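Note: the block below is upload_30.txt and it holds compact mmCIF, C-alpha atoms.
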```txt
# COMPACT_ATOMS: atom_id res chain seq x y z
CA MET A 1 66.24 151.18 -15.67
CA LYS A 2 66.29 148.07 -13.47
CA GLY A 3 69.34 149.02 -11.42
CA ILE A 4 72.96 150.18 -11.59
CA VAL A 5 76.15 148.16 -11.35
CA ILE A 6 78.99 150.41 -10.23
CA TRP A 7 82.45 149.06 -11.01
CA ALA A 8 84.49 150.74 -8.27
CA GLN A 9 88.14 150.69 -7.28
CA SER A 10 87.26 149.89 -3.67
CA SER A 11 84.63 150.31 -0.98
CA CYS A 12 86.23 153.59 0.14
CA ARG A 13 83.86 155.77 2.18
CA SER A 14 84.68 158.76 -0.04
CA VAL A 15 82.25 157.43 -2.65
CA MET A 16 80.07 154.71 -1.11
CA ASP A 17 77.52 157.08 0.41
CA PHE A 18 77.16 158.81 -2.95
CA TYR A 19 76.58 155.48 -4.74
CA ARG A 20 73.85 154.65 -2.22
CA GLU A 21 72.16 158.06 -2.64
CA PHE A 22 72.45 157.90 -6.44
CA GLY A 23 70.45 154.67 -6.44
CA LYS A 24 67.92 156.06 -3.98
CA ALA A 25 67.35 159.18 -6.05
CA LEU A 26 66.80 157.03 -9.17
CA GLY A 27 64.61 154.62 -7.25
CA VAL A 28 66.67 151.57 -8.30
CA PRO A 29 68.96 149.08 -6.52
CA VAL A 30 72.75 149.41 -6.69
CA CYS A 31 75.39 146.70 -6.84
CA VAL A 32 78.99 147.80 -6.21
CA ALA A 33 81.53 145.49 -7.86
CA VAL A 34 84.92 146.36 -6.39
CA TRP A 35 88.38 145.85 -7.82
CA TYR A 36 90.04 145.90 -4.40
CA TYR A 37 88.37 144.52 -1.31
CA LYS A 38 90.05 143.87 2.02
CA LYS A 39 90.45 140.15 2.63
CA SER A 40 90.67 140.09 6.41
CA ALA A 41 90.06 142.21 9.49
CA ASN A 42 93.78 143.01 9.58
CA GLU A 43 93.87 144.36 6.04
CA LYS A 44 92.62 147.92 6.04
CA ASP A 45 91.09 149.57 3.00
CA ASN A 46 91.85 153.23 2.30
CA ARG A 47 90.22 155.58 4.82
CA ASN A 48 89.08 152.89 7.26
CA ALA A 49 92.80 152.52 8.00
CA VAL A 50 92.45 155.59 10.24
CA GLY A 51 89.44 154.32 12.13
CA PHE A 52 86.37 154.33 9.87
CA GLU A 53 84.29 151.16 10.11
CA ASP A 54 82.88 149.00 7.30
CA SER A 55 79.55 148.91 9.16
CA GLU A 56 78.73 152.28 7.57
CA PHE A 57 77.98 150.39 4.36
CA SER A 58 76.85 147.00 5.66
CA ASP A 59 73.46 147.56 4.01
CA MET A 60 75.00 147.77 0.52
CA ASP A 61 75.51 144.99 -2.03
CA ILE A 62 79.32 144.87 -2.41
CA VAL A 63 80.86 142.16 -4.63
CA PRO A 64 84.66 141.60 -4.79
CA VAL A 65 85.77 141.10 -8.41
CA GLY A 66 89.38 142.24 -8.83
CA GLU A 67 91.00 141.03 -12.06
CA ASP A 68 88.89 137.85 -12.13
CA PHE A 69 86.98 138.01 -15.40
CA ASP A 70 84.70 135.10 -14.50
CA LYS A 71 83.58 136.84 -11.30
CA GLY A 72 82.78 139.91 -13.35
CA LEU A 73 80.77 137.81 -15.80
CA LYS A 74 78.71 136.44 -12.91
CA VAL A 75 77.91 140.01 -11.84
CA ILE A 76 76.85 140.90 -15.38
CA ASP A 77 74.76 137.76 -15.89
CA SER A 78 72.96 138.18 -12.56
CA HIS A 79 72.13 141.83 -13.35
CA LYS A 80 70.83 141.64 -16.90
CA GLY A 81 69.23 144.84 -18.11
CA TRP A 82 70.99 146.97 -15.48
CA HIS A 83 72.98 150.08 -16.37
CA HIS A 84 76.72 150.16 -15.72
CA LEU A 85 78.92 152.94 -14.31
CA CYS A 86 82.65 152.15 -14.41
CA CYS A 87 84.67 154.05 -11.81
CA ASN A 88 88.01 152.28 -12.34
CA TYR A 89 88.42 152.40 -16.09
CA GLN A 90 92.04 153.62 -15.99
CA GLY A 91 93.49 151.10 -13.55
CA SER A 92 91.71 147.81 -14.28
CA GLU A 93 92.03 145.99 -17.58
CA ASN A 94 89.39 143.55 -16.35
CA PHE A 95 86.84 146.31 -15.73
CA ARG A 96 87.50 147.77 -19.18
CA ARG A 97 86.89 144.37 -20.80
CA LEU A 98 83.70 143.88 -18.83
CA LEU A 99 82.43 147.35 -19.67
CA LEU A 100 83.00 146.78 -23.38
CA LEU A 101 81.22 143.45 -23.11
CA VAL A 102 78.04 144.92 -21.61
CA SER A 103 78.17 147.71 -24.18
CA LYS A 104 78.26 145.17 -27.01
CA ARG A 105 75.27 143.45 -25.40
CA GLY A 106 73.35 146.71 -25.78
CA GLU A 107 73.29 147.73 -22.12
CA LYS A 108 73.99 151.34 -21.20
CA VAL A 109 77.39 152.29 -19.85
CA ALA A 110 79.11 155.40 -18.56
CA VAL A 111 82.27 156.26 -16.64
CA GLY A 112 82.74 158.07 -13.33
CA SER A 113 86.36 158.70 -12.44
CA GLU A 114 89.02 161.20 -11.55
CA SER A 115 90.57 163.06 -14.42
CA PRO A 116 94.12 161.71 -14.73
CA CYS A 117 96.32 163.56 -12.23
CA ASN A 118 100.12 163.32 -12.18
CA MET A 119 101.06 163.32 -8.48
CA GLN A 120 104.73 162.54 -9.16
CA HIS A 121 107.63 164.94 -9.72
CA GLY A 122 111.13 164.71 -11.17
CA LEU A 123 111.84 161.77 -13.48
CA ARG A 124 108.81 159.82 -12.25
CA GLY A 125 106.61 162.79 -13.03
CA LEU A 126 108.04 163.05 -16.54
CA LEU A 127 107.48 159.34 -17.21
CA LYS A 128 103.91 159.50 -15.93
CA GLU A 129 103.21 162.55 -18.07
CA ILE A 130 104.41 160.62 -21.12
CA TYR A 131 102.20 157.67 -20.12
CA TYR A 132 99.14 159.90 -19.79
CA ARG A 133 99.73 161.60 -23.12
CA VAL A 134 100.98 158.68 -25.23
CA LYS A 135 99.85 155.29 -23.90
CA LEU A 136 96.71 155.86 -21.81
CA PRO A 137 94.72 157.39 -24.72
CA ARG A 138 95.23 154.14 -26.65
CA VAL A 139 94.36 152.00 -23.61
CA VAL A 140 91.00 153.67 -22.93
CA SER A 141 89.91 154.76 -26.41
CA ASP A 142 87.31 151.98 -26.82
CA VAL A 143 85.81 152.72 -23.41
CA ILE A 144 85.48 156.41 -24.28
CA VAL A 145 83.60 155.57 -27.48
CA ALA A 146 81.31 153.11 -25.66
CA SER A 147 80.48 155.43 -22.74
CA THR A 148 77.59 157.87 -22.84
CA PHE A 149 79.25 160.37 -20.47
CA PHE A 150 82.14 160.88 -18.06
CA ILE A 151 81.47 162.03 -14.47
CA ASN A 152 84.63 163.93 -13.58
CA PHE A 153 85.31 163.36 -9.86
CA SER A 154 88.14 165.93 -10.17
CA GLY A 155 85.71 168.81 -10.38
CA ASP A 156 86.22 171.35 -13.14
CA ASP A 157 89.76 170.30 -14.09
CA ASP A 158 89.32 168.28 -17.27
CA ARG A 159 92.61 169.11 -19.00
CA LEU A 160 94.15 165.64 -18.85
CA ALA A 161 90.78 163.97 -19.37
CA ARG A 162 90.62 165.75 -22.71
CA VAL A 163 94.24 164.83 -23.48
CA VAL A 164 93.31 161.19 -22.86
CA GLY A 165 90.51 161.57 -25.40
CA TRP A 166 87.29 162.49 -23.59
CA PRO A 167 85.33 164.97 -25.74
CA LYS A 168 84.22 168.09 -23.91
CA GLU A 169 80.56 167.37 -24.55
CA LYS A 170 80.73 164.05 -22.66
CA ILE A 171 82.35 165.46 -19.50
CA ILE A 172 80.20 166.25 -16.43
CA PRO A 173 82.17 168.30 -13.85
CA PHE A 174 81.51 166.84 -10.43
CA GLY A 175 83.64 166.00 -7.37
CA TYR A 176 83.60 163.85 -4.22
CA PHE A 177 80.94 164.13 -1.53
CA PRO A 178 81.69 161.73 1.36
CA PRO A 179 79.60 161.68 4.55
CA PRO A 180 80.79 163.66 7.58
CA ILE A 181 83.25 161.94 9.89
CA PRO A 182 81.15 159.85 12.33
CA GLY A 183 80.57 161.92 15.46
CA SER A 184 81.45 165.26 13.86
CA ARG A 185 79.13 168.27 13.76
CA ILE A 186 78.85 171.57 11.90
CA GLN A 187 80.12 174.31 14.21
CA LYS A 188 79.37 177.93 13.46
CA ARG A 189 82.43 180.20 13.56
CA ILE A 190 81.80 183.53 15.26
CA SER A 191 85.30 185.06 15.25
CA ASN A 192 88.67 184.84 13.50
CA SER A 193 90.51 185.22 16.83
CA PRO A 194 92.45 183.30 17.95
CA PHE A 195 93.48 182.31 14.42
CA GLU A 196 93.87 178.52 14.42
CA ILE A 197 95.14 177.01 11.16
CA LEU A 198 94.62 173.30 10.51
CA SER A 199 96.04 171.03 7.83
CA THR A 200 95.71 167.24 7.65
CA GLY A 201 96.91 164.53 5.31
CA GLU A 202 100.09 162.64 4.54
CA MET A 203 103.15 164.93 4.44
CA THR A 204 104.26 164.39 0.84
CA TRP A 205 105.37 166.55 -2.05
CA HIS A 206 102.08 166.35 -3.97
CA ARG A 207 100.07 167.41 -0.89
CA GLY A 208 102.14 170.58 -0.51
CA SER A 209 102.95 170.42 3.21
CA ASP A 210 106.18 172.30 2.54
CA VAL A 211 104.28 175.06 0.70
CA LEU A 212 102.16 175.56 3.80
CA LEU A 213 105.16 175.73 6.11
CA ASP A 214 106.89 178.29 3.86
CA ALA A 215 103.68 180.35 4.03
CA LEU A 216 103.67 180.15 7.82
CA VAL A 217 107.24 181.50 7.90
CA LEU A 218 106.06 184.49 5.84
CA LEU A 219 102.96 184.89 7.99
CA LYS A 220 105.05 185.12 11.14
CA LYS A 221 107.38 187.67 9.53
CA SER A 222 104.36 189.82 8.72
CA GLY A 223 103.53 190.03 12.41
CA CYS A 224 100.28 188.10 12.07
CA LYS A 225 99.33 186.15 15.19
CA PHE A 226 98.34 182.52 14.59
CA HIS A 227 98.72 178.94 15.71
CA ALA A 228 98.88 175.96 13.33
CA THR A 229 98.33 172.22 13.64
CA ILE A 230 99.61 169.86 10.95
CA THR A 231 98.61 166.23 11.51
CA GLN A 232 99.77 162.81 10.27
CA ARG A 233 103.25 161.80 9.05
CA GLY A 234 105.05 161.34 5.74
CA ARG A 235 108.36 161.70 3.95
CA LEU A 236 108.51 165.44 4.67
CA PHE A 237 107.73 165.10 8.36
CA ALA A 238 111.28 165.44 9.76
CA ASP A 239 112.18 168.33 7.44
CA LEU A 240 109.00 170.22 8.32
CA GLN A 241 109.59 169.81 12.04
CA ALA A 242 113.18 170.98 11.69
CA LYS A 243 112.14 174.05 9.70
CA ALA A 244 109.43 174.92 12.21
CA ARG A 245 112.02 174.78 15.02
CA ARG A 246 114.52 176.92 13.09
CA HIS A 247 111.94 179.65 12.60
CA ASP A 248 110.35 179.20 16.02
CA LEU A 249 106.93 178.75 14.44
CA PRO A 250 103.83 178.20 16.60
CA VAL A 251 103.09 174.85 14.95
CA ASP A 252 102.10 171.52 16.49
CA PHE A 253 102.77 168.16 14.78
CA PRO A 254 100.56 165.67 16.68
CA GLY A 255 100.92 162.82 14.17
CA PHE A 256 97.95 160.52 13.63
CA LEU A 257 94.85 161.27 15.69
CA ASP A 258 91.90 159.06 16.55
CA LEU A 259 88.51 160.07 15.18
CA LYS A 260 87.38 161.79 18.38
CA ASP A 261 90.41 164.12 18.42
CA LEU A 262 90.23 164.59 14.66
CA CYS A 263 86.61 165.74 14.94
CA ARG A 264 87.57 168.12 17.73
CA ILE A 265 90.24 169.94 15.73
CA TYR A 266 88.08 170.06 12.58
CA GLU A 267 85.27 171.61 14.62
CA SER A 268 87.45 174.11 16.46
CA CYS A 269 89.92 175.35 13.82
CA THR A 270 89.48 178.85 12.42
CA VAL A 271 90.48 177.85 8.91
CA PHE A 272 91.49 174.67 7.10
CA VAL A 273 94.30 174.71 4.51
CA GLY A 274 94.57 172.33 1.56
CA ALA A 275 97.93 173.12 -0.05
CA GLY A 276 98.08 170.23 -2.52
CA ARG A 277 100.26 170.74 -5.57
CA ARG A 278 98.60 167.99 -7.61
CA GLU A 279 95.55 166.29 -6.18
CA PRO A 280 92.50 165.05 -8.04
CA TRP A 281 90.25 166.31 -5.24
CA GLY A 282 91.25 166.14 -1.54
CA MET A 283 88.59 164.54 0.69
CA ARG A 284 89.96 166.24 3.80
CA LEU A 285 88.48 169.46 2.39
CA ASN A 286 85.03 167.85 2.66
CA ASP A 287 85.78 166.63 6.19
CA ALA A 288 86.66 170.17 7.26
CA LEU A 289 83.72 171.75 5.45
CA ASN A 290 81.36 169.25 7.06
CA CYS A 291 82.50 170.69 10.40
CA GLY A 292 81.84 174.27 9.25
CA ALA A 293 85.47 175.25 8.67
CA PRO A 294 86.24 177.85 5.96
CA LEU A 295 88.81 176.61 3.43
CA VAL A 296 91.98 178.01 1.88
CA VAL A 297 92.69 175.78 -1.12
CA SER A 298 95.44 175.50 -3.71
CA ARG A 299 94.34 175.67 -7.32
CA GLY A 300 96.29 172.44 -7.78
CA MET A 301 93.46 170.57 -6.01
CA GLY A 302 90.24 169.52 -7.69
CA GLY A 303 88.40 170.35 -4.47
CA VAL A 304 88.96 174.05 -5.11
CA LYS A 305 85.65 173.75 -6.97
CA MET A 306 83.83 174.03 -3.63
CA VAL A 307 85.47 177.39 -2.89
CA ASP A 308 84.76 178.60 -6.42
CA ASP A 309 81.11 177.50 -6.35
CA TYR A 310 80.12 178.49 -2.81
CA GLY A 311 82.57 181.15 -1.61
CA CYS A 312 83.30 178.99 1.44
CA GLY A 313 86.88 180.25 1.65
CA LEU A 314 89.69 181.47 -0.58
CA SER A 315 91.96 179.91 -3.19
CA PHE A 316 95.61 180.58 -3.86
CA GLU A 317 97.96 180.06 -6.78
CA ASN A 318 99.35 176.54 -6.86
CA GLU A 319 102.77 176.18 -5.13
CA ASN A 320 102.79 179.90 -4.28
CA SER A 321 103.53 180.17 -0.55
CA GLN A 322 103.49 183.97 -0.75
CA ASP A 323 99.95 183.95 -2.13
CA LEU A 324 98.89 181.43 0.53
CA ALA A 325 100.37 183.62 3.28
CA ALA A 326 98.52 186.64 1.90
CA LYS A 327 95.18 184.79 1.86
CA LEU A 328 95.70 183.56 5.43
CA GLN A 329 96.62 187.08 6.57
CA LEU A 330 93.46 188.46 4.95
CA LEU A 331 91.27 185.99 6.82
CA ALA A 332 93.14 186.61 10.07
CA THR A 333 92.86 190.41 9.91
CA ASP A 334 89.57 191.11 8.09
CA GLY A 335 86.70 189.91 10.27
CA ASP A 336 84.03 190.71 7.69
CA VAL A 337 85.70 188.63 4.97
CA TYR A 338 86.28 185.78 7.41
CA LEU A 339 82.73 185.68 8.75
CA GLN A 340 81.28 185.72 5.22
CA CYS A 341 83.45 182.73 4.31
CA ALA A 342 82.41 181.01 7.55
CA GLU A 343 78.72 181.58 6.81
CA ASN A 344 79.18 180.28 3.27
CA ALA A 345 81.01 177.22 4.62
CA ILE A 346 77.91 176.09 6.51
CA GLY A 347 75.77 176.56 3.42
CA ALA A 348 78.31 174.67 1.31
CA ALA A 349 78.42 171.77 3.75
CA ARG A 350 74.66 171.33 3.46
CA ALA A 351 74.69 171.76 -0.31
CA ASN A 352 77.49 169.22 -0.77
CA SER A 353 75.85 166.23 0.88
CA ALA A 354 75.79 163.01 -1.12
CA ALA A 355 71.98 163.10 -1.29
CA VAL A 356 71.88 166.65 -2.69
CA LYS A 357 74.66 165.98 -5.17
CA ALA A 358 73.07 162.75 -6.37
CA ARG A 359 69.90 164.65 -7.26
CA GLU A 360 71.93 167.38 -8.98
CA LEU A 361 73.80 164.80 -11.04
CA ILE A 362 70.59 163.12 -12.15
CA SER A 363 69.22 166.51 -13.25
CA THR A 364 72.40 167.10 -15.28
CA ILE A 365 72.10 163.68 -16.92
CA GLU A 366 68.42 164.31 -17.67
CA ARG A 367 69.33 167.54 -19.49
CA GLY A 368 72.33 166.27 -21.43
CA PHE A 369 71.99 162.49 -21.71
CA PRO A 370 68.29 161.61 -21.15
CA GLU A 371 68.53 158.35 -23.08
CA TRP A 372 70.87 156.90 -20.42
CA LEU A 373 68.17 157.07 -17.76
CA LYS A 374 65.57 155.04 -19.69
```
Can you dump the structure from the file as structure tokens?
Amino acid sequence: MKGIVIWAQSSCRSVMDFYREFGKALGVPVCVAVWYYKKSANEKDNRNAVGFEDSEFSDMDIVPVGEDFDKGLKVIDSHKGWHHLCCNYQGSENFRRLLLLVSKRGEKVAVGSESPCNMQHGLRGLLKEIYYRVKLPRVVSDVIVASTFFINFSGDDDRLARVVGWPKEKIIPFGYFPPPIPGSRIQKRISNSPFEILSTGEMTWHRGSDVLLDALVLLKKSGCKFHATITQRGRLFADLQAKARRHDLPVDFPGFLDLKDLCRIYESCTVFVGAGRREPWGMRLNDALNCGAPLVVSRGMGGVKMVDDYGCGLSFENENSQDLAAKLQLLATDGDVYLQCAENAIGAARANSAAVKARELISTIERGFPEWLK
């Protein structure tokens, strides 16, 4: 193996550190060909829109390609004999064409992507479900045949990946393992009192902000003492604020926070809640875990894999605010359960670094697909 070309959607920090560590662990250089790349200092890309800087990855070889086939050809021709990992096979027709081209040339290809995840509801959700089940399998069928394996960045949830056509034996359950927020630290939790609940992320239907607020109403009715902070904004923001006022809930809505304040609340919260109804993963779970916070995670989020694998918190039934309230009450009232989750959270944070996960992935590939590494 001379090196790896990774065909990525963007230079988002959720994956860039992993790409770097994957190359390091294999002992080969990495080129990241991106479909979307910010064109100016005023055009923010994904998570750097909230304050992350591109300098984190200034040492990496990042090549903007987009839907320009000729630019993609230049990448291929200047990296002859390299392996190829396509991480935007669903969204980019250009990347699919390029991947099939290198496959026909005899170079080794694989895919790393989220399992399809329908984050819409109502009519839009129905139409997207039809697209996933009827059209997308035809769109990606050639790529599936050409690829040696599929790294599932949605963790263990491979249901729609299999609907699209990925055979079970090609799927490697994985996830996302971004670096800690710059300036943040792992903080050991020594008590569940006072019980400070934190949730971050855009307030939308698919992220389940309303499920969390319904759970907080039930938690207050149970007599459990707590305080909650729900950050950012979104379409549900006004409704959530109004409901919190009606029920006189001890909830703060601080909006968007700078990185210093964000680190502070991640490091000081008692528990972090990810209530997503339909999310491929949920990187904010990693951000919280990297600060030592135990998690309470909906089973509608791919990131629930971390709770399942490491016991670093509890999971609850998707969209079930009563179950969420019960899990929060357990952590608030049972110190032994809480402290065990908190201890496991620190272990999980260390075990889920990009460097550790890169080595684990290579071991998995060596066992199941050794020919790809030659």
Among listed residues A:Lys168, A:Arg159, A:Arg246, A:His206, nearest Ser115 of chain A (using only C-alpha atoms): A:Arg159
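Look at Leu26 of chain A: the protein and nucleic acid residues within 10 Å of it, using only C-alpha atoms and passing over chain neighbours fewer than 5 places away, are Met1, Lys2, Gly3, Ile4, Glu21, Ala358, Arg359, Ile362 and Leu373 of chain A.
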Atom CA of Ala110 of chain A to atom CA of Pro64 of chain A, straight-line distance in Å: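 Going from atom CA of Pro64 of chain A over to atom CA of Ala110 of chain A, I get 20.3 Å.
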Non-local contacts of segment 190-193 of chain A (7 Å; only C-alpha atoms; under 5 positions in same chain excluded) as a list of chain:residue names: A:Thr270, A:Ala332, A:Gly335, A:Tyr338, A:Leu339
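Atom CA of Cys312 of chain A is positioned 8.7 Å from atom CA of Val296 of chain A.
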Listed atoms of segment 262-271 of chain A boxed axis-aligned with 5 Å per side, centre + edges as lines of an AutoDock Vina configuration file:
```
center_x = 87.9
center_y = 171.7
center_z = 13.3
size_x = 15.2
size_y = 24.3
size_z = 18.8
```
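Of note, atom CA of Phe369 of chain A and atom CA of Phe149 of chain A are spaced 7.7 Å apart.
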Surrounding residues of Cys31 of chain A excluding itself and chain neighbours under 5 positions, 12 Å, only C-alpha atoms, as a PyMOL selection string: chain A and resi 2-8+11+16+19-20+22-23+59-65+72+75-76+78-79+82-86
Residue neighbourhood Gln241 of chain A, 12 Å, all atoms listed in the file, exclusion window fewer than 4 positions, as a list of chain:residue names: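 Residues meeting the cut-off are A:Met203, A:Ser209, A:Asp210, A:Leu213, A:Thr229, A:Ile230, A:Thr231, A:Arg233, A:Gly234, A:Arg235, A:Leu236, A:Phe237, A:Arg245, A:Arg246, A:His247, A:Asp248, A:Leu249, A:Pro250, A:Val251, A:Asp252, A:Phe253, A:Pro254, A:Gly255.
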Completion step: segment 103-129 of chain A with N, CA and C atoms as a compact mmCIF listing (two decimals), in the coordinates of the input:
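To be explicit, this is the file written out as out_20.txt:
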```txt
# COMPACT_ATOMS: atom_id res chain seq x y z
N SER A 103 78.51 146.75 -23.13
CA SER A 103 78.17 147.71 -24.18
C SER A 103 77.79 146.98 -25.46
N LYS A 104 78.56 145.95 -25.80
CA LYS A 104 78.26 145.17 -27.01
C LYS A 104 76.93 144.43 -26.87
N ARG A 105 76.55 144.12 -25.63
CA ARG A 105 75.27 143.45 -25.40
C ARG A 105 74.10 144.44 -25.45
N GLY A 106 74.41 145.71 -25.64
CA GLY A 106 73.35 146.71 -25.78
C GLY A 106 72.93 147.36 -24.49
N GLU A 107 73.63 147.10 -23.39
CA GLU A 107 73.29 147.73 -22.12
C GLU A 107 74.03 149.07 -22.00
N LYS A 108 73.48 149.97 -21.23
CA LYS A 108 73.99 151.34 -21.20
C LYS A 108 75.13 151.48 -20.22
N VAL A 109 76.19 152.15 -20.67
CA VAL A 109 77.39 152.29 -19.85
C VAL A 109 77.84 153.75 -19.81
N ALA A 110 78.51 154.08 -18.73
CA ALA A 110 79.11 155.40 -18.56
C ALA A 110 80.31 155.23 -17.64
N VAL A 111 81.08 156.29 -17.49
CA VAL A 111 82.27 156.26 -16.64
C VAL A 111 82.17 157.36 -15.62
N GLY A 112 82.58 157.07 -14.38
CA GLY A 112 82.74 158.07 -13.33
C GLY A 112 84.11 157.90 -12.73
N SER A 113 84.97 158.89 -12.86
CA SER A 113 86.36 158.70 -12.44
C SER A 113 87.03 160.04 -12.25
N GLU A 114 88.18 160.00 -11.59
CA GLU A 114 89.02 161.20 -11.55
C GLU A 114 89.59 161.46 -12.94
N SER A 115 89.75 162.73 -13.27
CA SER A 115 90.57 163.06 -14.42
C SER A 115 91.99 162.64 -14.09
N PRO A 116 92.74 162.09 -15.04
CA PRO A 116 94.12 161.71 -14.73
C PRO A 116 94.85 162.85 -14.04
N CYS A 117 95.61 162.54 -12.99
CA CYS A 117 96.32 163.56 -12.23
C CYS A 117 97.71 163.04 -11.90
N ASN A 118 98.74 163.73 -12.38
CA ASN A 118 100.12 163.32 -12.18
C ASN A 118 100.62 163.82 -10.82
N MET A 119 100.65 162.93 -9.83
CA MET A 119 101.06 163.32 -8.48
C MET A 119 102.54 163.07 -8.22
N GLN A 120 103.29 162.75 -9.28
CA GLN A 120 104.73 162.54 -9.16
C GLN A 120 105.49 163.80 -9.56
N HIS A 121 106.79 163.84 -9.23
CA HIS A 121 107.63 164.94 -9.72
C HIS A 121 108.99 164.36 -10.09
N GLY A 122 109.83 165.18 -10.71
CA GLY A 122 111.13 164.71 -11.17
C GLY A 122 110.97 163.73 -12.32
N LEU A 123 111.86 162.74 -12.39
CA LEU A 123 111.84 161.77 -13.48
C LEU A 123 110.54 160.97 -13.50
N ARG A 124 110.07 160.57 -12.31
CA ARG A 124 108.81 159.82 -12.25
C ARG A 124 107.66 160.64 -12.81
N GLY A 125 107.66 161.93 -12.50
CA GLY A 125 106.61 162.79 -13.03
C GLY A 125 106.66 162.89 -14.54
N LEU A 126 107.88 162.97 -15.09
CA LEU A 126 108.04 163.05 -16.54
C LEU A 126 107.54 161.77 -17.21
N LEU A 127 107.91 160.62 -16.63
CA LEU A 127 107.48 159.34 -17.21
C LEU A 127 105.96 159.18 -17.15
N LYS A 128 105.37 159.61 -16.04
CA LYS A 128 103.91 159.50 -15.93
C LYS A 128 103.22 160.44 -16.90
N GLU A 129 103.79 161.61 -17.10
CA GLU A 129 103.21 162.55 -18.07
C GLU A 129 103.22 161.95 -19.47
```
